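Chemist: If it helps, the file is called data04.cif and holds mmCIF, C-alpha atoms and all ligand atoms:
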data_structure
#
loop_
_atom_site.label_atom_id
_atom_site.label_comp_id
_atom_site.auth_asym_id
_atom_site.auth_seq_id
_atom_site.Cartn_x
_atom_site.Cartn_y
_atom_site.Cartn_z
CA MET A 22 22.74 -2.10 -7.43
CA ALA A 23 22.22 -5.78 -8.26
CA LYS A 24 23.87 -8.23 -5.87
CA THR A 25 25.63 -11.44 -6.80
CA LYS A 26 24.45 -14.78 -5.42
CA GLU A 27 27.39 -14.83 -3.02
CA GLU A 28 26.66 -11.32 -1.77
CA LEU A 29 23.02 -12.22 -1.16
CA ARG A 30 24.06 -15.35 0.75
CA ASP A 31 26.42 -13.25 2.81
CA ILE A 32 23.60 -10.82 3.65
CA LEU A 33 21.32 -13.70 4.61
CA ASP A 34 24.07 -15.12 6.78
CA HIS A 35 23.73 -12.10 9.08
CA PHE A 36 20.22 -13.19 10.07
CA GLN A 37 19.16 -15.86 12.55
CA LEU A 38 17.90 -18.38 10.02
CA ASN A 39 17.33 -21.96 11.06
CA GLU A 40 17.80 -23.45 7.61
CA LYS A 41 20.64 -23.45 5.10
CA VAL A 42 19.71 -21.23 2.16
CA THR A 43 20.88 -21.60 -1.42
CA SER A 44 19.36 -18.86 -3.59
CA ALA A 45 17.32 -15.65 -3.60
CA GLU A 46 15.18 -14.75 -6.62
CA PRO A 47 13.19 -11.57 -7.38
CA PHE A 48 9.61 -11.72 -6.18
CA GLY A 49 6.48 -9.57 -6.55
CA ASN A 50 6.17 -6.28 -8.39
CA GLY A 51 6.39 -3.51 -5.85
CA HIS A 52 7.40 -0.02 -6.94
CA ILE A 53 9.65 0.86 -3.99
CA ASN A 54 11.58 -1.93 -2.25
CA ASP A 55 13.32 -4.95 -3.79
CA THR A 56 11.75 -8.22 -2.74
CA LEU A 57 13.38 -11.66 -3.11
CA LYS A 58 12.18 -15.14 -2.22
CA VAL A 59 14.76 -17.31 -0.56
CA THR A 60 15.07 -21.05 -1.20
CA THR A 61 16.64 -23.56 1.19
CA ASP A 62 18.92 -26.47 0.33
CA LYS A 63 15.82 -28.69 0.46
CA GLY A 64 14.36 -26.67 -2.42
CA GLU A 65 11.68 -25.00 -0.28
CA ILE A 66 10.94 -21.28 -0.29
CA LYS A 67 11.33 -20.36 3.36
CA TYR A 68 12.13 -16.65 3.66
CA VAL A 69 11.49 -13.30 2.05
CA LEU A 70 14.49 -10.97 1.82
CA GLN A 71 13.86 -7.28 1.20
CA ARG A 72 16.17 -4.42 0.47
CA ILE A 73 14.54 -1.37 2.05
CA ASN A 74 14.52 1.72 -0.12
CA HIS A 75 16.19 4.07 2.34
CA GLN A 76 16.03 7.05 -0.01
CA ILE A 77 12.29 6.86 0.66
CA PHE A 78 12.20 5.36 4.15
CA THR A 79 14.96 7.51 5.53
CA ASP A 80 14.56 6.41 9.17
CA VAL A 81 14.99 2.64 8.87
CA GLU A 82 15.20 2.24 12.63
CA ALA A 83 11.77 3.85 13.09
CA LEU A 84 10.39 1.88 10.14
CA GLN A 85 11.45 -1.48 11.55
CA ASN A 86 10.27 -0.49 15.02
CA ASN A 87 6.83 0.36 13.67
CA ILE A 88 6.63 -2.98 11.91
CA HIS A 89 7.73 -4.76 15.06
CA ILE A 90 5.04 -3.02 17.11
CA VAL A 91 2.34 -3.75 14.54
CA THR A 92 3.19 -7.43 14.02
CA SER A 93 3.58 -8.07 17.77
CA HIS A 94 0.28 -6.38 18.48
CA ILE A 95 -1.58 -8.33 15.81
CA ARG A 96 0.00 -11.57 17.03
CA GLU A 97 -1.22 -10.88 20.58
CA GLN A 98 -4.71 -10.14 19.33
CA LEU A 99 -4.82 -13.32 17.27
CA GLU A 100 -3.64 -15.34 20.26
CA ALA A 101 -6.26 -13.71 22.47
CA LYS A 102 -8.95 -14.66 19.93
CA GLY A 103 -7.74 -18.26 20.11
CA GLU A 104 -6.69 -18.37 16.45
CA THR A 105 -4.49 -21.18 15.20
CA ASP A 106 -1.86 -21.22 12.44
CA ILE A 107 -0.78 -17.73 13.56
CA ASP A 108 2.54 -17.80 11.66
CA ARG A 109 0.49 -17.66 8.46
CA LYS A 110 -1.77 -14.87 9.72
CA VAL A 111 0.80 -12.27 10.64
CA LEU A 112 4.26 -11.56 9.25
CA THR A 113 7.24 -12.75 11.30
CA PHE A 114 10.50 -10.81 10.92
CA LEU A 115 13.74 -12.47 11.90
CA PRO A 116 16.42 -10.71 13.95
CA THR A 117 20.02 -10.47 12.82
CA ARG A 118 22.66 -12.48 14.65
CA ASP A 119 23.41 -9.42 16.78
CA GLY A 120 19.73 -8.99 17.66
CA LYS A 121 18.86 -6.09 15.36
CA LYS A 122 15.71 -5.72 13.27
CA TYR A 123 17.60 -5.09 10.02
CA TYR A 124 21.09 -5.47 8.57
CA PHE A 125 23.08 -2.66 7.00
CA ASP A 126 25.78 -3.86 4.59
CA GLY A 127 27.44 -0.44 4.28
CA GLU A 128 25.27 0.45 1.31
CA SER A 129 21.76 -0.97 1.74
CA TYR A 130 19.38 -1.97 4.52
CA TRP A 131 17.97 -5.50 4.54
CA ARG A 132 15.29 -7.41 6.44
CA VAL A 133 14.07 -10.98 6.39
CA SER A 134 10.62 -12.39 7.11
CA LEU A 135 9.23 -15.90 7.06
CA PHE A 136 7.71 -16.82 3.72
CA ILE A 137 4.06 -17.70 4.25
CA PRO A 138 3.54 -21.12 2.71
CA ARG A 139 0.51 -22.04 0.58
CA SER A 140 -0.42 -18.41 0.10
CA LYS A 141 -1.01 -16.27 -2.96
CA SER A 142 -1.61 -12.65 -3.81
CA TYR A 143 -3.81 -11.36 -6.59
CA GLU A 144 -3.39 -8.48 -9.02
CA GLU A 145 -7.04 -8.89 -10.09
CA ILE A 146 -9.80 -10.22 -7.92
CA THR A 147 -13.41 -11.39 -7.96
CA PRO A 148 -16.29 -9.93 -5.94
CA GLU A 149 -16.07 -12.94 -3.58
CA LEU A 150 -12.40 -12.25 -2.85
CA SER A 151 -13.13 -8.56 -2.58
CA PHE A 152 -15.69 -9.21 0.15
CA GLU A 153 -13.07 -11.25 2.03
CA ALA A 154 -10.51 -8.47 1.53
CA GLY A 155 -12.95 -5.88 2.91
CA LYS A 156 -13.49 -7.94 6.06
CA ALA A 157 -9.74 -8.45 6.45
CA PHE A 158 -8.92 -4.76 6.28
CA GLY A 159 -11.81 -4.06 8.67
CA ASP A 160 -10.27 -6.57 11.10
CA PHE A 161 -6.83 -5.06 10.54
CA HIS A 162 -8.12 -1.61 11.53
CA ALA A 163 -10.03 -3.02 14.49
CA MET A 164 -6.99 -4.95 15.76
CA LEU A 165 -4.78 -1.85 15.64
CA SER A 166 -7.39 0.56 16.94
CA ASP A 167 -6.26 0.27 20.55
CA LEU A 168 -2.62 1.21 19.93
CA PRO A 169 -2.09 4.34 22.02
CA GLU A 170 -1.70 7.55 20.04
CA GLY A 171 1.92 8.36 19.33
CA THR A 172 3.03 4.69 19.37
CA LEU A 173 3.77 4.62 15.65
CA LYS A 174 5.99 7.08 13.81
CA GLU A 175 5.02 8.50 10.43
CA THR A 176 7.52 6.52 8.35
CA ILE A 177 7.00 8.96 5.48
CA PRO A 178 5.82 12.29 6.86
CA ASN A 179 2.64 13.61 5.21
CA PHE A 180 2.42 10.42 3.19
CA HIS A 181 -1.29 10.68 2.31
CA ASN A 182 -1.68 14.39 2.94
CA MET A 183 -3.28 15.71 -0.23
CA GLU A 184 -2.32 19.32 0.41
CA PHE A 185 1.30 18.25 0.78
CA ARG A 186 1.17 16.12 -2.40
CA LEU A 187 -0.19 19.12 -4.30
CA ARG A 188 2.61 21.30 -2.94
CA GLN A 189 5.14 18.76 -4.24
CA PHE A 190 3.31 18.77 -7.57
CA HIS A 191 3.49 22.57 -7.77
CA GLU A 192 7.20 22.52 -6.92
CA ALA A 193 7.79 20.04 -9.73
CA ILE A 194 5.88 22.23 -12.17
CA GLU A 195 7.82 25.29 -11.04
CA ALA A 196 11.21 23.61 -11.44
CA ASN A 197 10.34 21.48 -14.50
CA PRO A 198 13.69 19.69 -14.08
CA ALA A 199 13.26 17.21 -16.93
CA GLY A 200 11.69 19.66 -19.39
CA ARG A 201 8.53 17.54 -19.61
CA LEU A 202 5.95 20.09 -18.56
CA ASP A 203 4.74 21.12 -22.03
CA GLU A 204 3.87 17.53 -22.80
CA VAL A 205 1.52 17.23 -19.81
CA LEU A 206 -0.27 20.58 -19.63
CA ASP A 207 -3.72 19.04 -20.21
CA LEU A 208 -3.28 16.68 -17.29
CA VAL A 209 -1.97 19.50 -15.11
CA GLU A 210 -5.13 21.46 -15.82
CA GLU A 211 -7.36 18.50 -14.95
CA ILE A 212 -5.51 18.12 -11.64
CA GLU A 213 -5.75 21.82 -10.79
CA ARG A 214 -9.50 21.86 -11.50
CA ARG A 215 -10.06 19.25 -8.80
CA ALA A 216 -7.45 20.40 -6.27
CA GLU A 217 -9.72 22.13 -3.79
CA GLN A 218 -12.39 19.44 -3.65
CA MET A 219 -9.70 16.82 -3.04
CA CYS A 220 -8.40 18.43 0.17
CA VAL A 221 -11.59 17.91 2.15
CA GLN A 222 -9.99 15.57 4.72
CA GLU A 223 -7.29 18.00 5.74
CA ARG A 224 -9.89 20.75 6.16
CA LEU A 225 -12.25 18.54 8.18
CA TYR A 226 -9.32 17.49 10.37
CA ARG A 227 -8.42 21.12 11.08
CA GLU A 228 -12.05 21.77 11.98
CA GLY A 229 -11.95 18.83 14.42
CA LYS A 230 -14.51 16.81 12.44
CA LEU A 231 -12.28 13.97 11.28
CA ARG A 232 -9.84 11.96 13.36
CA LYS A 233 -6.73 10.00 12.53
CA ARG A 234 -6.56 6.23 12.99
CA VAL A 235 -3.87 3.63 12.49
CA ASN A 236 -3.96 2.84 8.80
CA HIS A 237 -2.08 0.55 6.45
CA CYS A 238 -1.71 3.30 3.81
CA ASP A 239 -0.84 0.92 0.97
CA THR A 240 -3.87 -1.34 0.65
CA LYS A 241 -3.13 -2.36 -2.90
CA VAL A 242 -4.89 -5.56 -3.74
CA ASN A 243 -1.56 -7.42 -3.91
CA ASN A 244 -0.66 -6.43 -0.35
CA MET A 245 -2.82 -9.15 1.10
CA LEU A 246 -2.15 -12.88 1.09
CA PHE A 247 -4.93 -15.39 0.50
CA ASP A 248 -4.88 -19.03 1.54
CA ALA A 249 -4.12 -21.07 -1.58
CA ASP A 250 -6.25 -23.91 -0.18
CA ASN A 251 -9.53 -22.05 0.35
CA ASP A 252 -9.14 -18.41 -0.78
CA GLN A 253 -9.72 -17.03 2.72
CA VAL A 254 -7.56 -14.04 3.60
CA LEU A 255 -4.55 -15.06 5.62
CA CYS A 256 -2.55 -11.97 6.22
CA VAL A 257 -2.06 -8.30 5.45
CA ILE A 258 1.52 -7.65 4.27
CA ASP A 259 3.74 -4.76 3.13
CA LEU A 260 3.58 -2.96 6.46
CA ASP A 261 6.08 -0.15 5.76
CA THR A 262 3.47 2.56 5.70
CA VAL A 263 1.32 1.53 8.66
CA MET A 264 0.91 4.85 10.46
CA PRO A 265 -1.68 7.32 11.69
CA GLY A 266 -3.84 8.68 8.91
CA PHE A 267 -7.38 9.05 7.63
CA VAL A 268 -9.38 5.87 7.26
CA LEU A 269 -10.35 6.73 3.70
CA SER A 270 -6.79 5.94 2.65
CA ASP A 271 -7.25 2.24 3.13
CA ILE A 272 -10.68 2.03 1.59
CA GLY A 273 -9.64 4.27 -1.26
CA ASP A 274 -6.45 2.48 -2.22
CA PHE A 275 -8.20 -0.85 -2.36
CA ILE A 276 -10.92 0.56 -4.61
CA ARG A 277 -8.20 2.15 -6.76
CA THR A 278 -6.44 -1.16 -7.31
CA GLY A 279 -9.05 -3.89 -6.71
CA ALA A 280 -12.03 -2.24 -8.39
CA ASN A 281 -10.16 -1.23 -11.54
CA THR A 282 -11.15 -3.33 -14.58
CA GLY A 283 -7.74 -2.52 -16.10
CA ALA A 284 -4.19 -2.36 -14.80
CA GLU A 285 -2.65 0.51 -12.86
CA ASP A 286 -0.53 1.24 -15.93
CA ASP A 287 -2.91 0.12 -18.68
CA GLU A 288 -2.04 1.67 -22.01
CA ASN A 289 -5.48 0.86 -23.36
CA LEU A 290 -7.67 3.29 -21.49
CA ASP A 291 -10.80 1.49 -22.67
CA ASN A 292 -9.81 -1.29 -20.27
CA VAL A 293 -9.86 1.08 -17.31
CA ASN A 294 -13.16 1.54 -15.49
CA VAL A 295 -14.54 1.05 -12.03
CA ASN A 296 -15.99 -2.39 -11.36
CA MET A 297 -19.03 -1.62 -9.22
CA GLU A 298 -19.46 -5.21 -8.10
CA ILE A 299 -15.98 -5.21 -6.60
CA PHE A 300 -16.59 -1.86 -4.94
CA GLU A 301 -19.85 -3.07 -3.43
CA ALA A 302 -18.44 -6.38 -2.24
CA TYR A 303 -15.41 -4.74 -0.63
CA THR A 304 -17.57 -2.11 1.06
CA LYS A 305 -19.97 -4.75 2.41
CA GLY A 306 -17.09 -6.79 3.83
CA TYR A 307 -15.37 -3.75 5.28
CA MET A 308 -18.55 -2.33 6.81
CA GLU A 309 -19.37 -5.66 8.42
CA LYS A 310 -16.27 -5.21 10.58
CA ALA A 311 -15.92 -1.43 10.73
CA LYS A 312 -19.48 -0.17 11.13
CA ALA A 313 -19.02 -0.28 14.90
CA PHE A 314 -16.16 2.19 15.00
CA LEU A 315 -16.60 4.46 11.96
CA THR A 316 -18.28 7.83 12.33
CA PRO A 317 -21.26 8.71 10.08
CA LEU A 318 -19.03 11.25 8.33
CA GLU A 319 -16.41 8.59 7.53
CA ILE A 320 -19.13 6.27 6.20
CA GLN A 321 -20.59 8.99 4.07
CA LEU A 322 -17.15 9.88 2.68
CA LEU A 323 -16.22 6.30 1.79
CA PRO A 324 -16.87 6.60 -2.00
CA TYR A 325 -14.99 9.90 -1.96
CA GLY A 326 -12.04 7.90 -0.58
CA GLY A 327 -11.87 5.94 -3.84
CA ARG A 328 -11.76 9.12 -5.88
CA LEU A 329 -9.29 10.77 -3.52
CA LEU A 330 -6.74 7.96 -3.55
CA THR A 331 -7.00 7.65 -7.32
CA TYR A 332 -6.55 11.40 -7.69
CA MET A 333 -3.62 11.32 -5.25
CA GLN A 334 -1.96 8.57 -7.24
CA THR A 335 -2.52 10.50 -10.47
CA VAL A 336 -0.81 13.50 -8.87
CA ARG A 337 2.05 11.40 -7.48
CA PHE A 338 2.76 9.62 -10.77
CA LEU A 339 2.61 12.86 -12.74
CA THR A 340 4.85 14.64 -10.22
CA ASP A 341 7.40 11.87 -10.64
CA TYR A 342 7.16 12.06 -14.42
CA ILE A 343 7.73 15.83 -14.34
CA ASN A 344 10.64 15.34 -11.94
CA GLY A 345 12.31 12.88 -14.32
CA ASP A 346 11.32 9.58 -12.60
CA THR A 347 13.14 9.90 -9.31
CA TYR A 348 10.71 8.01 -7.02
CA TYR A 349 8.91 5.03 -8.55
CA LYS A 350 10.67 2.17 -10.30
CA ILE A 351 9.85 2.42 -14.01
CA HIS A 352 9.93 -0.26 -16.68
CA SER A 353 9.79 2.00 -19.77
CA PRO A 354 10.74 5.65 -20.40
CA LYS A 355 7.15 6.94 -20.25
CA HIS A 356 5.94 4.54 -17.59
CA ASN A 357 4.98 7.25 -15.11
CA LEU A 358 3.04 9.12 -17.79
CA ILE A 359 1.24 5.93 -18.82
CA ARG A 360 0.41 5.30 -15.16
CA THR A 361 -0.84 8.87 -14.77
CA LYS A 362 -3.18 8.56 -17.75
CA ALA A 363 -4.55 5.22 -16.58
CA GLN A 364 -5.18 6.57 -13.07
CA PHE A 365 -6.83 9.67 -14.46
CA LYS A 366 -9.13 7.54 -16.60
CA LEU A 367 -10.09 5.56 -13.50
CA LEU A 368 -10.76 8.80 -11.65
CA GLN A 369 -13.14 9.89 -14.41
CA SER A 370 -14.94 6.58 -14.19
CA LEU A 371 -15.21 6.88 -10.39
CA GLU A 372 -16.59 10.39 -10.81
CA ALA A 373 -19.20 9.11 -13.26
CA HIS A 374 -20.29 6.52 -10.67
CA ALA A 375 -20.14 8.83 -7.64
CA GLU A 376 -23.89 9.17 -7.14
CA GLU A 377 -24.45 5.44 -7.52
CA MET A 378 -21.77 4.79 -4.91
CA ASP A 379 -23.25 7.37 -2.55
CA ARG A 380 -26.66 5.69 -2.90
CA PHE A 381 -25.07 2.36 -2.07
CA MET A 382 -23.75 3.79 1.22
CA GLN A 383 -27.21 4.90 2.32
CA LYS A 384 -27.96 1.57 3.96
CA TRP A 385 -25.31 2.27 6.60
CA LEU A 386 -26.32 5.86 7.25
P1 LIG B 401 6.76 -4.59 -2.30
O1 LIG B 401 7.17 -3.43 -1.44
O2 LIG B 401 7.79 -4.97 -3.29
O3 LIG B 401 5.38 -4.41 -2.83
P2 LIG B 401 5.70 -6.79 -0.66
O4 LIG B 401 6.06 -6.93 0.79
O5 LIG B 401 4.33 -6.34 -0.99
O6 LIG B 401 6.80 -5.84 -1.32
O7 LIG B 401 5.98 -8.18 -1.38
C1 LIG B 401 5.83 -8.36 -2.77
C2 LIG B 401 5.04 -9.64 -3.06
O8 LIG B 401 5.74 -10.77 -2.50
C3 LIG B 401 3.65 -9.70 -2.43
O9 LIG B 401 2.66 -9.14 -3.27
C4 LIG B 401 3.44 -11.18 -2.18
O10 LIG B 401 2.94 -11.81 -3.35
C5 LIG B 401 4.83 -11.71 -1.92
N1 LIG B 401 5.16 -11.81 -0.48
C6 LIG B 401 5.72 -10.85 0.28
N2 LIG B 401 5.94 -11.26 1.53
C7 LIG B 401 5.53 -12.53 1.57
C8 LIG B 401 5.53 -13.54 2.59
N3 LIG B 401 5.99 -13.30 3.82
N4 LIG B 401 5.05 -14.76 2.27
C9 LIG B 401 4.60 -15.03 1.02
N5 LIG B 401 4.59 -14.13 0.03
C10 LIG B 401 5.04 -12.90 0.28
C1 LIG B 402 4.06 2.14 -3.95
O1 LIG B 402 5.65 -0.42 -2.78
P1 LIG B 402 4.31 -0.51 -3.41
O2 LIG B 402 4.38 -0.84 -4.85
O3 LIG B 402 3.37 -1.41 -2.63
C2 LIG B 402 3.83 3.34 -3.06
C3 LIG B 402 2.35 3.51 -2.79
C4 LIG B 402 1.64 3.73 -4.10
C5 LIG B 402 1.93 2.55 -5.01
C6 LIG B 402 1.33 2.76 -6.39
C7 LIG B 402 6.04 3.89 -0.09
O4 LIG B 402 3.63 0.95 -3.28
O5 LIG B 402 2.13 4.65 -1.97
O6 LIG B 402 0.27 3.84 -3.89
O7 LIG B 402 3.33 2.31 -5.16
N1 LIG B 402 4.55 3.17 -1.81
C8 LIG B 402 5.30 4.19 -1.33
O8 LIG B 402 1.23 1.54 -7.04
O9 LIG B 402 5.37 5.29 -1.87
MG MG B 403 3.51 -4.72 -2.02
#
Represent the supplied structure as structure tokens.
Ligand code: ADP
Ligand code: GN1
Ligand code: MG

Modeler:
Amino acid sequence: MAKTKEELRDILDHFQLNEKVTSAEPFGNGHINDTLKVTTDKGEIKYVLQRINHQIFTDVEALQNNIHIVTSHIREQLEAKGETDIDRKVLTFLPTRDGKKYYFDGESYWRVSLFIPRSKSYEEITPELSFEAGKAFGDFHAMLSDLPEGTLKETIPNFHNMEFRLRQFHEAIEANPAGRLDEVLDLVEEIERRAEQMCVQERLYREGKLRKRVNHCDTKVNNMLFDADNDQVLCVIDLDTVMPGFVLSDIGDFIRTGANTGAEDDENLDNVNVNMEIFEAYTKGYMEKAKAFLTPLEIQLLPYGGRLLTYMQTVRFLTDYINGDTYYKIHSPKHNLIRTKAQFKLLQSLEAHAEEMDRFMQKWL
């Protein structure tokens, strides 16, 4: 439910802010939480206020604890490396006046972080930025690699488990609650045809051949802030889904979003293709940092990660369409179907380039 200006000010008043704030305006275009930028009486944007979607993140306490652990750990690592300007290189969340990590207003859960000044995020990037992004996610993985197992909770259980996502898809088909199944039978068939080959990670994990690592699990291109002064990566943001998972998630989701020549919800499917230059630049940057800790199997599977995350997103958008749009925010009645078609087109393009991508990986094998 939308909040009035006064209500938002009242919510902000529960946090330990050191400036007087005047307004909060919508910010960004995430599909899950509501994000607002907060302006002070001096006209400066100083804070980011977010309403946490607690239908999706049901354990807000665990969510905010995870984020606290991750940001504190990264801060320590940056300090140990002798970095400067650390407040722009890791998110800082502010406690409430009673020392909690979030505020519950009886209806919604809220959190506040410092706005990172002179930063920008991109929806579309160049190969140069992609190389920087690859290095930054490599660093992100490296910095979190020494968190002891079990430190972080799974904020959404089975979040990137493909077998689980397919089970949800099958349940949606079975129930067909919005009566939309007939309209999407072709897409359902395309998904079913690929189902087995897309559950490789879960099988390899059961066989003890693939391990879990701390992952971001939402490495969309716009979940990274660049320095507006020099286009270097400053900071990885949107930390709700940082949790143990397979490393392909983070490579794959960046390829899905950064290396797409079109938009995630492009209605003109001719716009949607894989941009090989972006893929190659990201991979080079990522491998520069991650070569030391990845296994040969993970390196070999990297291009598969792009296909997998695109397939997973196709399945998730279509599941939500069949369910009657209960998960993702939509901006038009068929938005989830449009998204599904655009993701499926990208998947086809990734499949067409699979051999070329595999050849590209040879230099690290
Ligand atoms: P969502 O869950 O809505 O995707 P994000 O945390 O990714 O939320 O924030 C949405 C957008 O707001 C980002 O893409 C980024 O442009 C901007 N943003 C978020 N947090 C900050 C911050 N601390 N400083 C500057 N910009 C931010
Ligand atoms: C959601 O919140 P946002 O927009 O960064 C989703 C991701 C999807 C993405 C698709 C918690 O991310 O998993 O990949 O939309 N986040 C959650 O654009 O489900
Ligand atoms: Mg985001």

Chemist: Kindly indicate which residue among A:Leu260, A:Ala193, A:Ile137, A:Ala157 lies nearest to Ile73 in chain A, using all atoms listed in the file for the distances.

Modeler: A:Leu260

Chemist: Name the closest residue to ligand LIG 402 (chain B) among the candidates A:Met245, A:Ala101, A:Val235, A:Val91; distances are taken between atoms, counting only C-alpha atoms and all ligand atoms.

Modeler: A:Met245

Chemist: Give me, as a list in words, the set of residues whose atoms come within 8 Å of any atom of ligand MG 403 (chain B), counting only C-alpha atoms and all ligand atoms.

Modeler: Gly49, Asn50, Gly51, His52, Asp239, Lys241, Asn243, Asn244, Ile258 and Asp259 of chain A

Chemist: How about saving the chosen residues, C-alpha atoms kept, as a short mmCIF file (atom, residue, chain, number, x, y, z; two decimals), in the coordinates of the input?

Modeler:
data_model
loop_
_atom_site.label_atom_id
_atom_site.label_comp_id
_atom_site.auth_asym_id
_atom_site.auth_seq_id
_atom_site.Cartn_x
_atom_site.Cartn_y
_atom_site.Cartn_z
CA GLY A 49 6.48 -9.57 -6.55
CA ASN A 50 6.17 -6.28 -8.39
CA GLY A 51 6.39 -3.51 -5.85
CA HIS A 52 7.40 -0.02 -6.94
CA ASP A 239 -0.84 0.92 0.97
CA LYS A 241 -3.13 -2.36 -2.90
CA ASN A 243 -1.56 -7.42 -3.91
CA ASN A 244 -0.66 -6.43 -0.35
CA ILE A 258 1.52 -7.65 4.27
CA ASP A 259 3.74 -4.76 3.13
#

Chemist: So that I can check the surroundings of Trp131 in chain A, please list as a VMD selection string every protein, DNA and RNA residue that reaches within 9 Å of it, counting only C-alpha atoms and ignoring chain neighbours fewer than 4 positions away.

Modeler: chain A and resid 32 to 33 70 to 73 123 to 126

Chemist: Considering all atoms listed in the file, give me a table of residues in chain A that are at most 10 Å from ligand LIG 402 (chain B), with the closest atom pair and distance in Å for each, as a tab-separated table.

Modeler:
residue	atom	partner	partner_atom	distance
A:Gly49	CA	B:LIG402	O2	9.1
A:Asn50	CA	B:LIG402	O2	6.7
A:Gly51	CA	B:LIG402	O2	3.5
A:His52	CA	B:LIG402	O2	3.8
A:Ile53	CA	B:LIG402	O1	4.4
A:Asn54	CA	B:LIG402	O1	6.1
A:Asp55	CA	B:LIG402	O1	9.0
A:Thr56	CA	B:LIG402	O1	9.9
A:Asn74	CA	B:LIG402	C7	8.8
A:Ile77	CA	B:LIG402	C7	7.0
A:Phe78	CA	B:LIG402	C7	7.6
A:Thr176	CA	B:LIG402	C7	9.0
A:Ile177	CA	B:LIG402	C7	7.6
A:Phe180	CA	B:LIG402	O5	7.7
A:His181	CA	B:LIG402	O5	8.1
A:Cys238	CA	B:LIG402	O5	7.1
A:Asp239	CA	B:LIG402	C3	5.6
A:Thr240	CA	B:LIG402	O3	7.9
A:Lys241	CA	B:LIG402	O3	6.6
A:Val242	CA	B:LIG402	O3	9.3
A:Asn243	CA	B:LIG402	O3	7.9
A:Asn244	CA	B:LIG402	O3	6.8
A:Ile258	CA	B:LIG402	O3	9.5
A:Asp259	CA	B:LIG402	O3	6.7
A:Leu260	CA	B:LIG402	O3	9.2
A:Asp261	CA	B:LIG402	C7	7.1
A:Thr262	CA	B:LIG402	C7	6.5
A:Ser270	CA	B:LIG402	O6	9.9
A:Asp274	CA	B:LIG402	O6	7.1
A:Phe275	CA	B:LIG402	O6	9.8
A:Arg277	CA	B:LIG402	O6	9.1
A:Thr278	CA	B:LIG402	O8	8.1
A:Glu285	CA	B:LIG402	O8	7.1
A:Asp286	CA	B:LIG402	O8	9.1
A:Leu330	CA	B:LIG402	O6	8.1
A:Thr331	CA	B:LIG402	O6	8.9
A:Met333	CA	B:LIG402	O6	8.5
A:Gln334	CA	B:LIG402	O6	6.2
A:Thr335	CA	B:LIG402	C6	9.6
A:Arg337	CA	B:LIG402	C4	8.4
A:Phe338	CA	B:LIG402	C6	8.3
A:Tyr348	CA	B:LIG402	O9	7.9
A:Tyr349	CA	B:LIG402	O7	7.1
A:Lys350	CA	B:LIG402	O2	8.9
A:Arg360	CA	B:LIG402	O8	9.0

Chemist: I need the residue nearest ligand LIG 401 (chain B) from this list: A:Asp62, A:Glu149, A:Glu46, A:Glu376. Use all atoms listed in the file for the distance.

Modeler: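 For ligand LIG 401 (chain B), the nearest of the candidates is A:Glu46.
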
Chemist: Output as JSON the centre and edge lengths (Å, one decimal) of the box along x, y and z of the file that holds every listed atom of ligand LIG 401 (chain B) after adding 3 Å on each side.

Modeler:
{"center_x": 5.2, "center_y": -9.2, "center_z": 0.2, "size_x": 11.1, "size_y": 17.6, "size_z": 13.2}

Chemist: Go ahead and compute the interatomic distance for CA of Glu319 in chain A and CA of His162 in chain A, in Å to one decimal.

Modeler: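 Spanning CA of Glu319 in chain A to CA of His162 in chain A is a straight-line distance of 13.7 Å.
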
Chemist: Measure the distance from CA of Glu298 in chain A to CA of Ser151 in chain A in Å and round it to one decimal.

Modeler: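 Distance reported for this atom pair: 9.0 Å.
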
Chemist: For CA of Gln76 in chain A and atom C6 of ligand LIG 401 (chain B), determine how far apart the two atoms are, in Å to one decimal place.

Modeler: 20.7 Å

Chemist: Between A:Gly279, A:Glu100, A:Gln253, A:Leu318, which one has atoms that come closest to Glu145 in chain A, using only C-alpha atoms?

Modeler: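 Distance minimum relative to Glu145 in chain A lands on A:Gly279.
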
Chemist: Give the answer as one residue: which of A:Leu150, A:Met164, A:Leu255, A:Val205 has the shortest atom-to-atom distance to ligand LIG 401 (chain B), using only C-alpha atoms and all ligand atoms?

Modeler: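 Of all the options, A:Leu255 lies closest to ligand LIG 401 (chain B).
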
Chemist: Pick the closest to Thr113 in chain A from A:Leu322, A:Leu57, A:Val257, A:Val268: which is it, counting only C-alpha atoms?

Modeler: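 The shortest atom-to-atom distance to Thr113 in chain A comes from A:Val257.
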
Chemist: Dump as a VMD selection string all residues having an atom at most 9 Å from (-0.9, 17.2, -2.8), computed in the file's coordinates with all atoms listed in the file.

Modeler: chain A and resid 181 to 191 216 219 to 220 333 336 to 337

Chemist: Which residues, written as a list of chain:residue names, have at least one atom at most 7 Å from Phe247 in chain A, with all atoms listed in the file counted and residues fewer than 5 positions away on the same chain left out?

Modeler: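 Returned residues: A:Ser140, A:Lys141, A:Ser142, A:Asp252, A:Gln253, A:Val254, A:Leu255.
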
Chemist: Could you pull the residues within 7 Å of Pro324 in chain A, counting all atoms listed in the file, minus those fewer than 6 positions along the same chain, as a PyMOL selection string?

Modeler: chain A and resi 375+378-379
